[in-house]
Amino acid sequence: MSSLLMIGASGTISSAVLRQALAAGHQVTVLQRHPAAQLPGSPPVETLTADIRDEANVRQLLQGRRFDAAVDFVVFNEVDAGRDIRLLQDCCRQYIFISSASAYHKPVRRLPIDESVPLNNPYWAYSRAKQAAETCLLSAWREQAFPVTIVRPSHTYGPRSMPMALHGAKGSYQNLIRMQQGRPVIVPGDGETLWTLTWADDFAVGLVGLLGQTAALGEAFHITSDEVLTWNEIYAAIGRALGVRPEPVHVASDTLIRLRPGLEGPLLGDKAVCTFFDNRKIRRFVPAFRPAVRFEQGAVRVWDWLSRHPEACQADPEFDRWCDDVVRRLARL
């Protein structure tokens with residue numbers, strides 16, 4: 001058993017890591033903003049209530065504490081990374097940073113992607129901010145022995161949200177409504193872009209397996225499924241989970257970006273680019289990492305969960321109107 005500090009535990013990835021850490025016998029302390037948030041495994045989970053951005057308060061809470069490892073799920077840039085270096089330098093023997101596989105070089109230079117591929121995504125500020133955080137943390141590793149391990153998830157999903165290439169501000173459920181109603185759903189490009197989706201519980205096996213490994217300090221790992229699908233195959237699998245046949249409308253990514261400029265990063269910097277990964281490095285460190293959930297199964301699990309939790313199913317009228325407008329524009333061409 002080792003002691004683990006988790007900063008944030010209610011997201012798709014963090015909740016899966018919490019479950020896996022508890023199953024592996026780790027003693028877990030969660031620092032989170034909202035004390036009412038329910039955590040699996042309670043009472044074995046110790047909770048500390050604070051906003052990680054309140055550095056003085058968190059420092060006081062952690063004073064005199066020492067953890068074998070810490071994972072912060074809410075670090076998005078070098079400012080956040082610098083704060084964690086100051087707060088956790090003397091508090092943990094290993095610090096795991098959740099970066100993003102979207103930070104790898106775009107356009108993609110070679111496939112499959114391994115950890116030697118440089119980071120450079122000119123299309124997406126989110127990815128560049130993650131890269132800057134990595135640079136900050138690795139500098140602290142070299143200059144002051146800050147014990148960082150970098151983990152780069154790709155498109156990781158769980159039961160609460162169906163992964164799709166395109167959605168609005170309220171998530172992907174509006175696309176599922178459109179499928180159920182027999183209305184067209186927009187797929188970027190020709191739908192033949194190769195993509196990788198990873199079930200969160202599979203990802204968690206890899207991350208938790210890195211805990212306590214001194215050989216992982218100063219190293220970076222992506223943790224993804226080995227299954228490679230096209231977006232056409234992904235949408236067809238979602239349709240089978242819903243018991244319908246989707247009506248995809250293929251739209252060039254450049255056209256979608258012209259109509260909705262905020263899509264440049266998520267498309268050209270991510271989902272419109274063929275992307276799959278060489279996972280040999282994580283398997284050398286964590287032999288138990290063997291992703292078990294194929295997307296055909298995962299889509300059924302998501303739809304089953306959503307069907308039993310209507311409160312989590314958010315319609316998105318704005319995105320729905322936008323999709324209709326795109327379809328009408330194409331019909332006039």
# chains A, B, ... in the order shown; residues from 1 in each chain; ligands from 1
$ residues_around --residues "range 212-219 of chain A" --least-positions-apart "5" --cutoff "12 Å" --atoms "only C-alpha atoms" --output "short mmCIF file (atom, residue, chain, number, x, y, z; two decimals) with C-alpha atoms, in the first residue's frame"
data_model
loop_
_atom_site.label_atom_id
_atom_site.label_comp_id
_atom_site.auth_asym_id
_atom_site.auth_seq_id
_atom_site.Cartn_x
_atom_site.Cartn_y
_atom_site.Cartn_z
CA MET A 1 0.00 0.00 0.00
CA SER A 2 1.20 3.51 -0.81
CA SER A 3 -0.25 6.93 -0.12
CA LEU A 4 -1.68 8.86 -3.06
CA HIS A 26 -3.54 2.46 -2.24
CA PHE A 67 2.67 11.25 -0.02
CA ASP A 68 4.26 8.52 -2.08
CA ALA A 69 2.64 10.02 -5.18
CA ALA A 70 0.45 12.92 -6.25
CA CYS A 92 5.51 13.81 -2.67
CA ARG A 93 8.01 11.27 -3.95
CA GLN A 94 6.38 11.20 -7.40
CA TYR A 95 4.23 13.74 -9.21
CA ILE A 96 2.15 12.64 -12.20
CA PHE A 97 1.19 15.32 -14.71
CA GLU A 115 7.01 9.08 -27.15
CA SER A 116 10.03 10.20 -29.20
CA GLU A 134 5.56 19.73 -19.64
CA THR A 135 8.54 21.97 -20.39
CA CYS A 136 8.19 23.69 -17.02
CA LEU A 137 7.96 20.40 -15.11
CA LEU A 138 10.86 18.73 -16.93
CA SER A 139 13.00 21.80 -16.26
CA ALA A 140 12.16 21.44 -12.55
CA TRP A 141 13.09 17.73 -12.78
CA ARG A 142 16.49 18.57 -14.26
CA GLU A 143 17.27 21.59 -12.09
CA GLN A 144 15.75 20.70 -8.72
CA ALA A 145 14.92 16.98 -8.95
CA PHE A 146 11.18 17.60 -8.93
CA PRO A 147 9.94 14.00 -9.33
CA VAL A 148 7.67 14.33 -12.36
CA THR A 149 6.21 11.58 -14.53
CA ILE A 150 4.25 12.74 -17.58
CA VAL A 151 1.18 10.88 -18.83
CA ARG A 152 -0.46 11.72 -22.17
CA LEU A 207 -1.53 5.23 -14.76
CA LYS A 281 6.77 1.88 -23.51
CA ILE A 282 3.87 1.84 -21.05
CA ARG A 284 7.40 -2.26 -20.45
CA PHE A 285 6.69 -0.36 -17.24
CA VAL A 286 3.21 -1.76 -16.60
#
$ closest_residue --among "A:Ile238, A:Val244, A:Val185, A:Ala21" --to "Ser161 in chain A" --atoms "only C-alpha atoms"
A:Ile238
$ residues_around --residues "Gly191 in chain A" --least-positions-apart "6" --cutoff "7 Å" --atoms "only C-alpha atoms" --output "PyMOL selection string"
chain A and resi 230-232+250
$ residues_around --residues "Arg178 in chain A" --least-positions-apart "4" --cutoff "10 Å" --atoms "only C-alpha atoms" --output "number ranges by chain"
A: 173-174, 182-185, 246-247, 320, 323
$ select_by_dssp --residues "range 91-299 of chain A" --states "strand (DSSP E)" --output "ChimeraX atom specification"
/A:95-98,148-153,156-157,184-188,194-195,198-199,220-223,229-230,247-251
$ residues_around --residues "Ala288 in chain A" --least-positions-apart "3" --cutoff "8 Å" --atoms "only C-alpha atoms" --output "NGL selection string"
:A and (205-206 or 209 or 283)
$ write_last_selection --atoms "N, CA and C atoms" --output "compact mmCIF listing (two decimals), in the first residue's frame"
# COMPACT_ATOMS: atom_id res chain seq x y z
N VAL A 205 -5.58 1.62 -15.42
CA VAL A 205 -4.64 0.52 -15.11
C VAL A 205 -3.21 0.96 -15.41
N GLY A 206 -3.03 1.64 -16.55
CA GLY A 206 -1.69 2.10 -16.91
C GLY A 206 -1.17 3.15 -15.96
N GLY A 209 -0.46 1.80 -12.46
CA GLY A 209 0.70 0.93 -12.52
C GLY A 209 2.03 1.67 -12.49
N ARG A 283 3.80 -0.53 -21.68
CA ARG A 283 3.72 -1.96 -21.36
C ARG A 283 5.02 -2.47 -20.74
$ residues_around --residues "range 48-56 of chain A" --least-positions-apart "4" --cutoff "12 Å" --atoms "only C-alpha atoms" --output "PyMOL selection string"
chain A and resi 5-9+28-37+60-63+72-75+79-88
$ write_last_selection --atoms "N, CA, C and O atoms" --output "compact mmCIF listing (two decimals), in the first residue's frame"
# COMPACT_ATOMS: atom_id res chain seq x y z
N LEU A 5 -2.05 11.24 -3.24
CA LEU A 5 -2.83 12.47 -3.23
C LEU A 5 -3.38 12.70 -4.63
O LEU A 5 -2.63 12.77 -5.60
N MET A 6 -4.70 12.81 -4.73
CA MET A 6 -5.35 13.13 -6.01
C MET A 6 -5.97 14.51 -5.90
O MET A 6 -6.74 14.77 -4.98
N ILE A 7 -5.63 15.37 -6.84
CA ILE A 7 -6.21 16.70 -6.89
C ILE A 7 -7.26 16.69 -7.99
O ILE A 7 -6.94 16.65 -9.18
N GLY A 8 -8.53 16.64 -7.57
CA GLY A 8 -9.65 16.42 -8.48
C GLY A 8 -9.92 14.92 -8.60
O GLY A 8 -8.99 14.13 -8.70
N ALA A 9 -11.22 14.55 -8.55
CA ALA A 9 -11.54 13.12 -8.64
C ALA A 9 -12.93 12.87 -9.22
O ALA A 9 -13.44 11.77 -9.10
N VAL A 28 -5.78 6.63 -0.36
CA VAL A 28 -6.02 7.78 -1.22
C VAL A 28 -6.55 8.97 -0.41
O VAL A 28 -7.46 8.83 0.40
N THR A 29 -5.94 10.12 -0.68
CA THR A 29 -6.45 11.40 -0.18
C THR A 29 -6.83 12.24 -1.39
O THR A 29 -6.04 12.38 -2.33
N VAL A 30 -8.05 12.77 -1.38
CA VAL A 30 -8.53 13.59 -2.50
C VAL A 30 -8.68 15.02 -2.04
O VAL A 30 -9.31 15.30 -1.02
N LEU A 31 -8.06 15.93 -2.79
CA LEU A 31 -8.24 17.36 -2.57
C LEU A 31 -9.18 17.86 -3.65
O LEU A 31 -8.90 17.72 -4.84
N GLN A 32 -10.31 18.43 -3.23
CA GLN A 32 -11.30 18.89 -4.20
C GLN A 32 -12.01 20.13 -3.67
O GLN A 32 -12.01 20.40 -2.47
N ARG A 33 -12.63 20.85 -4.59
CA ARG A 33 -13.28 22.10 -4.21
C ARG A 33 -14.58 21.89 -3.46
O ARG A 33 -14.94 22.69 -2.59
N HIS A 34 -15.31 20.83 -3.81
CA HIS A 34 -16.68 20.68 -3.31
C HIS A 34 -16.77 19.48 -2.37
O HIS A 34 -16.66 18.34 -2.80
N PRO A 35 -17.00 19.72 -1.10
CA PRO A 35 -17.03 18.61 -0.14
C PRO A 35 -18.19 17.65 -0.36
O PRO A 35 -18.14 16.50 0.06
N ALA A 36 -19.24 18.10 -1.04
CA ALA A 36 -20.42 17.24 -1.22
C ALA A 36 -20.23 16.21 -2.32
O ALA A 36 -21.04 15.29 -2.45
N ALA A 37 -19.20 16.36 -3.15
CA ALA A 37 -19.00 15.43 -4.25
C ALA A 37 -18.79 14.02 -3.71
O ALA A 37 -17.93 13.79 -2.86
N GLN A 60 -1.19 25.30 3.61
CA GLN A 60 -1.49 25.09 5.02
C GLN A 60 -2.09 23.69 5.25
O GLN A 60 -1.73 22.99 6.20
N LEU A 61 -3.00 23.28 4.35
CA LEU A 61 -3.61 21.95 4.48
C LEU A 61 -2.59 20.83 4.37
O LEU A 61 -2.70 19.80 5.02
N LEU A 62 -1.59 21.02 3.50
CA LEU A 62 -0.62 19.96 3.23
C LEU A 62 0.62 20.04 4.13
O LEU A 62 1.50 19.18 4.04
N GLN A 63 0.69 21.03 4.96
CA GLN A 63 1.87 21.22 5.81
C GLN A 63 2.13 19.96 6.65
O GLN A 63 1.25 19.45 7.34
N ASP A 72 -2.32 15.48 -10.23
CA ASP A 72 -3.18 16.65 -10.34
C ASP A 72 -3.88 16.61 -11.70
O ASP A 72 -3.23 16.64 -12.75
N PHE A 73 -5.22 16.53 -11.68
CA PHE A 73 -6.00 16.42 -12.91
C PHE A 73 -6.46 17.78 -13.43
O PHE A 73 -7.20 17.82 -14.42
N VAL A 74 -6.04 18.85 -12.81
CA VAL A 74 -6.51 20.18 -13.22
C VAL A 74 -5.33 21.12 -13.48
O VAL A 74 -5.37 22.30 -13.13
N VAL A 75 -4.29 20.60 -14.12
CA VAL A 75 -3.15 21.42 -14.54
C VAL A 75 -3.25 21.60 -16.05
O VAL A 75 -3.20 20.62 -16.80
N VAL A 79 1.59 27.99 -15.71
CA VAL A 79 1.29 28.65 -14.44
C VAL A 79 0.81 27.62 -13.42
O VAL A 79 1.27 27.60 -12.27
N ASP A 80 -0.11 26.77 -13.84
CA ASP A 80 -0.59 25.70 -12.96
C ASP A 80 0.56 24.78 -12.55
O ASP A 80 0.67 24.37 -11.39
N ALA A 81 1.42 24.46 -13.53
CA ALA A 81 2.55 23.56 -13.24
C ALA A 81 3.50 24.20 -12.22
O ALA A 81 3.96 23.53 -11.27
N GLY A 82 3.80 25.48 -12.38
CA GLY A 82 4.67 26.17 -11.43
C GLY A 82 4.10 26.18 -10.03
O GLY A 82 4.83 26.01 -9.03
N ARG A 83 2.80 26.38 -9.93
CA ARG A 83 2.14 26.33 -8.62
C ARG A 83 2.33 24.96 -7.96
O ARG A 83 2.66 24.86 -6.78
N ASP A 84 2.15 23.90 -8.73
CA ASP A 84 2.28 22.56 -8.16
C ASP A 84 3.71 22.25 -7.74
O ASP A 84 3.94 21.56 -6.75
N ILE A 85 4.67 22.77 -8.50
CA ILE A 85 6.07 22.58 -8.11
C ILE A 85 6.31 23.20 -6.73
O ILE A 85 6.92 22.59 -5.85
N ARG A 86 5.81 24.41 -6.56
CA ARG A 86 5.99 25.08 -5.26
C ARG A 86 5.28 24.34 -4.13
O ARG A 86 5.80 24.19 -3.03
N LEU A 87 4.07 23.87 -4.40
CA LEU A 87 3.27 23.24 -3.35
C LEU A 87 3.73 21.83 -3.00
O LEU A 87 3.66 21.43 -1.84
N LEU A 88 4.20 21.08 -4.01
CA LEU A 88 4.39 19.64 -3.82
C LEU A 88 5.84 19.19 -3.82
O LEU A 88 6.11 18.00 -3.65
$ residues_around --residues "Glu318 in chain A" --least-positions-apart "6" --cutoff "10 Å" --atoms "only C-alpha atoms" --output "ChimeraX atom specification"
/A:168-170,174
$ write_last_selection --atoms "C-alpha atoms" --output "CSV table (one decimal), in the first residue's frame"
chain,number,residue,atom,x,y,z
A,168,GLY,CA,-21.4,21.6,-29.0
A,169,ALA,CA,-20.8,23.2,-25.7
A,170,LYS,CA,-23.1,20.9,-23.8
A,174,GLN,CA,-27.5,16.2,-29.0
$ atom_distance --atom1 "CA of Lys271 in chain A" --atom2 "CA of Pro188 in chain A"
8.5 Å
$ closest_residue --among "A:His105, A:His167, A:Arg160, A:Arg110" --to "Leu263 in chain A" --atoms "only C-alpha atoms"
A:His167
$ atom_distance --atom1 "CA of Leu330 in chain A" --atom2 "CA of Gly171 in chain A"
23.9 Å
$ closest_residue --among "A:Tyr235, A:Tyr123, A:Phe277, A:Phe289" --to "Pro153 in chain A" --atoms "only C-alpha atoms"
A:Phe277
$ atom_distance --atom1 "CA of Phe221 in chain A" --atom2 "CA of Asn279 in chain A"
8.3 Å
$ decode --residues "range 186-234 of chain A" --atoms "C-alpha atoms" --output "compact mmCIF listing (two decimals), in the first residue's frame"
# COMPACT_ATOMS: atom_id res chain seq x y z
CA ILE A 186 -22.07 15.79 -39.25
CA VAL A 187 -18.82 13.85 -39.66
CA PRO A 188 -15.63 15.80 -40.48
CA GLY A 189 -13.97 15.02 -43.79
CA ASP A 190 -14.75 11.72 -45.48
CA GLY A 191 -14.99 9.91 -42.15
CA GLU A 192 -12.00 7.71 -42.96
CA THR A 193 -9.57 9.43 -40.56
CA LEU A 194 -8.06 6.78 -38.27
CA TRP A 195 -8.69 7.38 -34.58
CA THR A 196 -8.15 5.81 -31.16
CA LEU A 197 -10.66 5.75 -28.30
CA THR A 198 -9.71 4.53 -24.83
CA TRP A 199 -12.08 3.36 -22.08
CA ALA A 200 -11.20 5.27 -18.90
CA ASP A 201 -10.90 2.18 -16.69
CA ASP A 202 -8.34 0.72 -19.13
CA PHE A 203 -6.36 3.97 -19.02
CA ALA A 204 -6.42 3.89 -15.21
CA VAL A 205 -4.64 0.52 -15.11
CA GLY A 206 -1.69 2.10 -16.91
CA LEU A 207 -1.53 5.23 -14.76
CA VAL A 208 -1.91 3.44 -11.42
CA GLY A 209 0.70 0.93 -12.52
CA LEU A 210 3.24 3.76 -12.79
CA LEU A 211 2.80 4.77 -9.15
CA GLY A 212 5.94 4.25 -7.11
CA GLN A 213 8.17 3.48 -10.10
CA THR A 214 11.33 5.54 -9.65
CA ALA A 215 12.42 4.55 -13.16
CA ALA A 216 9.41 6.50 -14.46
CA LEU A 217 10.65 9.81 -13.04
CA GLY A 218 11.55 12.27 -15.78
CA GLU A 219 9.77 10.07 -18.35
CA ALA A 220 6.69 10.56 -20.53
CA PHE A 221 4.12 7.92 -21.46
CA HIS A 222 1.02 7.92 -23.57
CA ILE A 223 -1.63 5.46 -22.42
CA THR A 224 -4.15 4.52 -25.09
CA SER A 225 -6.05 1.63 -26.59
CA ASP A 226 -4.54 -0.32 -29.47
CA GLU A 227 -7.85 -0.38 -31.35
CA VAL A 228 -7.82 1.82 -34.46
CA LEU A 229 -11.12 2.83 -36.08
CA THR A 230 -12.31 5.30 -38.67
CA TRP A 231 -14.87 7.90 -37.66
CA ASN A 232 -17.32 6.18 -40.00
CA GLU A 233 -16.82 2.96 -38.02
CA ILE A 234 -17.17 4.83 -34.73
